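Working notes, structure below.
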Amino acid sequence: MPHDMYLNNVKSVIRGLKDAYTELYEEVILEYDRVNLRIRIRFLSGYLLELNEAVILEAEQIKHLDYRYHFQDRENKLVFRYDNTPHFPDIGSFPHHKHLKDNVISSVKPSILGVIEEARMKAY
C-alpha cells in the first residue's frame, strides 16, 4: 500500500515508547490510497493520548483530510487537543487550532510524531 512507510514510521515510534502502552491501534484501509488511523496510548502516569487521522496519498505525499489529537491527564481533564474541525473561524490558522485547558489558540497542523513526543514530555 502506498501509505505503508508512513504507518510503519508511526508504529515504530509507538513501539519505542518505554513509559507507555498501546490500548488501541486500528488502521482502516478505505481505498488503495486512503486510510483512517485510530490509536490510544496510555502512559504509565495514567495520562491518555488519542490520535485519529484520515489520510490520503496524493502525488506521493501524505495529505491529512481530518485529524484529532487529544491528550488528557489521569483525571480525564484536557491537557491539549489539536484538530481541524471548522468551529473557530476567527482563529488565524482556521480550521487548524489547539485546545488548551482554558483556551483555544491558533496552531498549524502538528505531525503525529511531534504530538506523541509532546504528550510524552507532559505525561511526567
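Numbering starts fresh at 1 for the residues of each chain in the C-alpha cells, the chains themselves are lettered A, B, ... in the order given, and ligands are numbered from 1 as they appear.
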Problem set entry | Selection near A:Val115, 9 Å with only C-alpha atoms, sequence-local residues under 3 positions removed, as number ranges by chain | A: 49, 51, 69, 82, 110-112, 118-120
For this session: Check the DSSP output for the backbone and give back, as a PyMOL selection string, the residues of chain A in strand (DSSP E).
Result: chain A and resi 20-31+34-43+48-58+61-72+78-83+97-100+103-106
Exercise. Could you write out, as a ChimeraX atom specification, all the residues of chain A that DSSP marks as alpha helix (DSSP H)?
Worked result: /A:4-15,112-122
Serialized selection, C-alpha atoms, as a short mmCIF file (atom, residue, chain, number, x, y, z; two decimals), in the first residue's frame:
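Generated file (part_6.cif):
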```
data_model
loop_
_atom_site.label_atom_id
_atom_site.label_comp_id
_atom_site.auth_asym_id
_atom_site.auth_seq_id
_atom_site.Cartn_x
_atom_site.Cartn_y
_atom_site.Cartn_z
CA ASP A 4 2.86 1.80 4.39
CA MET A 5 6.00 3.86 5.02
CA TYR A 6 4.01 6.48 6.95
CA LEU A 7 2.17 3.87 9.02
CA ASN A 8 5.34 1.88 9.71
CA ASN A 9 7.06 5.03 10.95
CA VAL A 10 4.17 5.77 13.34
CA LYS A 11 4.17 2.16 14.62
CA SER A 12 7.93 2.25 15.13
CA VAL A 13 7.76 5.38 17.29
CA ILE A 14 4.91 3.94 19.36
CA ARG A 15 6.78 0.66 19.90
CA ILE A 112 1.59 12.90 14.69
CA LEU A 113 5.13 12.05 15.81
CA GLY A 114 5.55 15.54 17.27
CA VAL A 115 2.29 15.15 19.19
CA ILE A 116 3.42 11.81 20.62
CA GLU A 117 6.63 13.47 21.83
CA GLU A 118 4.77 16.50 23.24
CA ALA A 119 2.45 14.17 25.17
CA ARG A 120 5.34 12.03 26.41
CA MET A 121 7.09 15.13 27.77
CA LYS A 122 3.94 16.37 29.54
#
```
For this session: Compile the contact shell of A:Arg74 as an MDAnalysis selection string: residues with an atom at most 10 Å away, counting only C-alpha atoms, same-chain residues fewer than 6 positions apart removed.
Result: chainID A and resid 42:48 123
C-alpha atoms of the current selection, written as a JSON list (two decimals), in the first residue's frame:
```
[["chain", "number", "residue", "atom", "x", "y", "z"],
["A", 42, "ARG", "CA", -1.82, 5.07, 27.83],
["A", 43, "PHE", "CA", 1.18, 6.45, 29.70],
["A", 44, "LEU", "CA", 2.21, 4.73, 32.92],
["A", 45, "SER", "CA", 1.42, 8.01, 34.72],
["A", 46, "GLY", "CA", -2.25, 7.45, 33.75],
["A", 47, "TYR", "CA", -2.34, 10.12, 31.03],
["A", 48, "LEU", "CA", -4.08, 9.19, 27.77],
["A", 123, "ALA", "CA", 2.92, 12.97, 30.94]]
```
For this session: Would you list the contacts of A:Pro86 as a list in words, taking every protein, DNA or RNA residue within 9 Å and counting only C-alpha atoms, but skipping same-chain residues closer than 4 positions in sequence?
Result: Phe94, Pro95 and His96 of chain A
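Residues surrounding A:Glu60 within 12 Å are Met1, Pro2, His3, Asp4, Met5, Tyr6, Asp33, Ile56, Leu57, Glu58, Ile62 and Lys63 of chain A [only C-alpha atoms; sequence separation below 2 positions excluded].
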Exercise. Between atom CA of A:Tyr67 and atom CA of A:Asn52, what is the distance, to one decimal in Å?
Worked result: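 One can read the atom CA of A:Tyr67 to atom CA of A:Asn52 distance as 5.5 Å.
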Exercise. Suppose you want the space between atom CA of A:Ile41 and atom CA of A:Ala20; what is it in Å?
Worked result: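 Interatomic distance here is 6.6 Å.
With only C-alpha atoms as the atoms that count, the minimum distance from A:Lys77 to the choices A:Ser107, A:Arg38, A:His99, A:Val28 is reached by A:His99.
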For this session: Give the answer as one residue: which of A:Leu78, A:Ile29, A:Ile39, A:Leu24 has the shortest atom-to-atom distance to A:Lys98, using only C-alpha atoms?
Result: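 With only C-alpha atoms as the atom set, the closest residue is A:Leu78.
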